[in-house]
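Peer 1: First the structure, then my questions, so here it is.
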Amino acid sequence: GSAFTKHVAVLGSSSYEISAGSDVVVITAGVRQREGESRLDLVGRNLSVLQKIVPQVVRYSPGCVILVVSNPCDIMTWLVYKLSGFPKNRVLGSGTALDSSRFRTLVGQRLGVSPRSVHGYIVGEHGDSSVACWSQLNVGGVPLKSRWPQLGDKDDPEAWYKVHEDVISAAGTVIRLKGYTSSGIGLTAASIVECILRNDRRVIPVSTAARGFYGITQDVFLSLPCVVGSNGVRDICSMPLDESEAAKLQASASTISKVQTPLKIEEAASASAATSAE
């Protein structure tokens with residue numbers, strides 16, 4: 001199928017030296033998620049993998065932006081940040097970018113409109129404690145809350161909350177049917193990389209350092225709408241959330257923090273001396 005894609009050269013090696021001088025490094029390595037296993041259950045099995053990879057990435061591409069795709073994405077991104085010593089803007093995770101695309105697609109299907117005309121985000125953990133931002137969901141600038149005031153609530157007669165439930169269960173469904181996920185996350189990662197390389201400065205919900213936003217006090221990485229460009233996360237968009245959504249986001253941060261607190265890692269020295277790609 002290479003004749004139908006853009007011309008690229010794919011090189012492989014058993015040495016990280018082949019990646020020297022990369023602008024973007026994507027980390028997808030990790031053990032496969034089993035059926036019925038949460039992303040958070042993968043932490044211990046994947047930590048040792050990162051401890052081997054990250055020092056080599058830093059050695060050969062000290063000025064790169066690192067995109068983490070491995071699950072559990074938010075904790076893995078936090079670990080890469082700690083292990084690399086990079087500035088926080090240069091380490092990001094694919095986070096809820098895929099969740100948000102699924103969210104827009106499912107909303108669009110219910111309304112009979114293109115998902116490109118649906119504007120809404122899933123934030124927080126890329127996992128079971130993710131938060132659907134129903135208060136900001138709109139189509140063509142029209143807030144859906146103005147049509148369905150109970151949008152997303154458990155007592156919503158239209159049962160819109162099931163859309164978010166379907167987003168959360170999507171990965172498990174794919175794993176049950178074919179054993180692994182690939183296409184959706186592959187396209188998502190490619191889109192984020194393209195945004196970085198082209199300095200598009202698009203707003204994408206990616207996993208980033210979340211402390212200080214929406215009352216989050218823990219040292220965690222969670223997905224928030226971010227302006228993504230050549231130096232990684234250029235800015236975080238402080239999207240208004242209602243009280244319920246903010247509380248759920250804080251609970252998501254607590255969930256992540258409880259899992260990562262017991263982890264024993266040796267932080268790398270700060271790499272602030274390395275210049276960020278502008």
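Letters A, B, ... go to the chains of the structure tokens in the order shown; residues in each chain start at 1; ligands are counted from 1 in the same order.
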If you count only C-alpha atoms, which residues fall within 8 Å of Ile216 in chain A, apart from same-chain ones fewer than 6 positions away, as number ranges by chain?
Peer 2: A: 210, 250, 253
Peer 1: Just N, CA and C atoms for this one: save the residues we selected as a PDB file, in the first residue's frame.
Peer 2:
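Written output follows (part_34.pdb):
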```
ATOM      1  N   ALA A 210      -0.707  19.167  34.898  1.00  0.00           N
ATOM      2  CA  ALA A 210      -2.021  19.751  35.195  1.00  0.00           C
ATOM      3  C   ALA A 210      -2.094  20.492  36.522  1.00  0.00           C
ATOM      4  N   GLN A 250     -10.913  16.917  39.278  1.00  0.00           N
ATOM      5  CA  GLN A 250     -10.080  16.822  40.481  1.00  0.00           C
ATOM      6  C   GLN A 250     -10.038  15.375  40.989  1.00  0.00           C
ATOM      7  N   ALA A 253      -7.644  13.456  38.888  1.00  0.00           N
ATOM      8  CA  ALA A 253      -6.268  13.740  39.306  1.00  0.00           C
ATOM      9  C   ALA A 253      -5.902  12.919  40.533  1.00  0.00           C
TER      10      ALA A 253
END
```
Peer 1: Using only C-alpha atoms, determine which residues lie at most 7 Å from range 127-133 of chain A, disregarding the query and same-chain residues fewer than 3 positions distant; provide the list as a list of chain:residue names.
Peer 2: A:Arg39, A:Gly120, A:Tyr121, A:Ile122, A:Val123, A:Gly124, A:Gln136, A:Leu137, A:His164, A:Ile168, A:Glu245, A:Lys248, A:Leu249, A:Ser252
Peer 1: Rounded to one decimal in Å, what is the spacing between CA of Lys88 in chain A and CA of Thr208 in chain A?
Peer 2: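 CA of Thr208 in chain A lies at a distance of 7.5 Å from CA of Lys88 in chain A.
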Peer 1: Could you please write out, as a ChimeraX atom specification, every residue of range 112-210 of chain A that DSSP assigns to strand (DSSP E)?
Peer 2: /A:118-119,122-123,131-132,138-139,142-143,202-209
Peer 1: Tell me, which residues of range 178-224 of chain A carry DSSP alpha helix (DSSP H), written as a list in words?
Peer 2: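 Assigned to alpha helix (DSSP H), within range 178-224 of chain A: Lys178, Ser183, Gly184, Ile185, Gly186, Leu187, Thr188, Ala189, Ala190, Ser191, Ile192, Val193, Glu194, Cys195, Ile196 and Leu197 of chain A.
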Peer 1: Which polymer residues have any atom within 9 Å of an atom of Arg90 in chain A, counting only C-alpha atoms, with same-chain residues fewer than 3 positions away left out, as number ranges by chain?
Peer 2: A: 63-67, 81, 86-87, 231-233, 276-277
Peer 1: Using only C-alpha atoms, can you tell me which of A:Ser48, A:Ser94, A:Ser223, A:Ser117 comes closest to Asn138 in chain A?
Peer 2: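 Smallest separation from Asn138 in chain A among the options: A:Ser117.
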Peer 1: Skipping near chain neighbours, those fewer than 4 positions away, what residues fall within 12 Å of Ser183 in chain A using only C-alpha atoms, listed as a ChimeraX atom specification?
Peer 2: /A:98,171,174,178,187-190
Peer 1: Report, in Å to a single decimal, how far apart CA of Asp99 in chain A and CA of Val259 in chain A are.
Peer 2: 21.3 Å
Peer 1: If you measure from CA of Ser19 in chain A to CA of Val57 in chain A, what distance in Å do you get, rounded to one decimal?
Peer 2: 8.0 Å
Peer 1: Which residues are close to Ile265 in chain A, i.e. within 9 Å by only C-alpha atoms, leaving aside same-chain residues fewer than 3 positions away? Reply as a list in words.
Peer 2: Leu47, Gln51, Leu79, Lys82 and Leu83 of chain A
Peer 1: Find the spatial neighbours of range 42-46 of chain A, counting only C-alpha atoms, within a cut-off of 10 Å - ignore same-chain residues fewer than 6 positions away - and output them as an MDAnalysis selection string.
Peer 2: chainID A and resid 29:34 70:73 75:76 79 259:260 263
Peer 1: So that I have them on file, write out the residues from the current selection with N, CA and C atoms, as a compact mmCIF listing (two decimals), in the first residue's frame.
Peer 2:
```
# COMPACT_ATOMS: atom_id res chain seq x y z
N ALA A 29 6.27 1.99 23.01
CA ALA A 29 6.68 0.71 23.59
C ALA A 29 5.96 0.44 24.90
N GLY A 30 5.65 -0.82 25.10
CA GLY A 30 4.99 -1.21 26.34
C GLY A 30 4.33 -2.55 26.18
N VAL A 31 3.96 -3.14 27.29
CA VAL A 31 3.28 -4.43 27.23
C VAL A 31 1.82 -4.19 26.83
N ARG A 32 1.26 -5.18 26.19
CA ARG A 32 -0.10 -5.05 25.66
C ARG A 32 -1.14 -5.12 26.78
N GLN A 33 -2.17 -4.27 26.63
CA GLN A 33 -3.29 -4.30 27.58
C GLN A 33 -4.12 -5.54 27.36
N ARG A 34 -4.38 -6.28 28.42
CA ARG A 34 -5.17 -7.51 28.32
C ARG A 34 -6.66 -7.19 28.43
N SER A 70 2.17 5.13 24.98
CA SER A 70 2.05 3.93 25.81
C SER A 70 1.07 4.12 26.96
N ASN A 71 0.35 3.07 27.30
CA ASN A 71 -0.60 3.12 28.40
C ASN A 71 -0.01 2.56 29.69
N PRO A 72 -0.49 3.05 30.85
CA PRO A 72 -1.49 4.12 31.04
C PRO A 72 -0.87 5.47 30.70
N CYS A 73 -1.43 6.11 29.70
CA CYS A 73 -0.79 7.25 29.05
C CYS A 73 -0.39 8.38 29.99
N ILE A 75 0.16 8.49 33.34
CA ILE A 75 1.24 8.16 34.26
C ILE A 75 2.53 7.91 33.50
N MET A 76 2.45 7.29 32.34
CA MET A 76 3.64 7.05 31.54
C MET A 76 4.26 8.38 31.09
N LEU A 79 6.03 9.84 34.01
CA LEU A 79 7.28 9.12 34.23
C LEU A 79 8.35 9.56 33.24
N VAL A 259 -2.14 6.13 42.21
CA VAL A 259 -1.45 5.03 41.52
C VAL A 259 0.04 5.32 41.38
N GLN A 260 0.39 6.57 41.06
CA GLN A 260 1.80 6.87 40.79
C GLN A 260 2.62 7.16 42.05
N LEU A 263 5.28 4.62 43.13
CA LEU A 263 6.32 4.29 42.17
C LEU A 263 7.68 4.84 42.61
```
Peer 1: Tell me, as number ranges by chain, which residues lie within 7 Å of Gly108 in chain A, counting only C-alpha atoms; anything in the same chain fewer than 6 positions away does not count.
Peer 2: A: 114-115, 118
Peer 1: Out of A:Pro262, A:Gly95, A:Gly12, A:Gly36, which residue has the shortest atom-to-atom distance to Gly172 in chain A when counting only C-alpha atoms?
Peer 2: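 Result for the nearest residue to Gly172 in chain A: A:Gly36.
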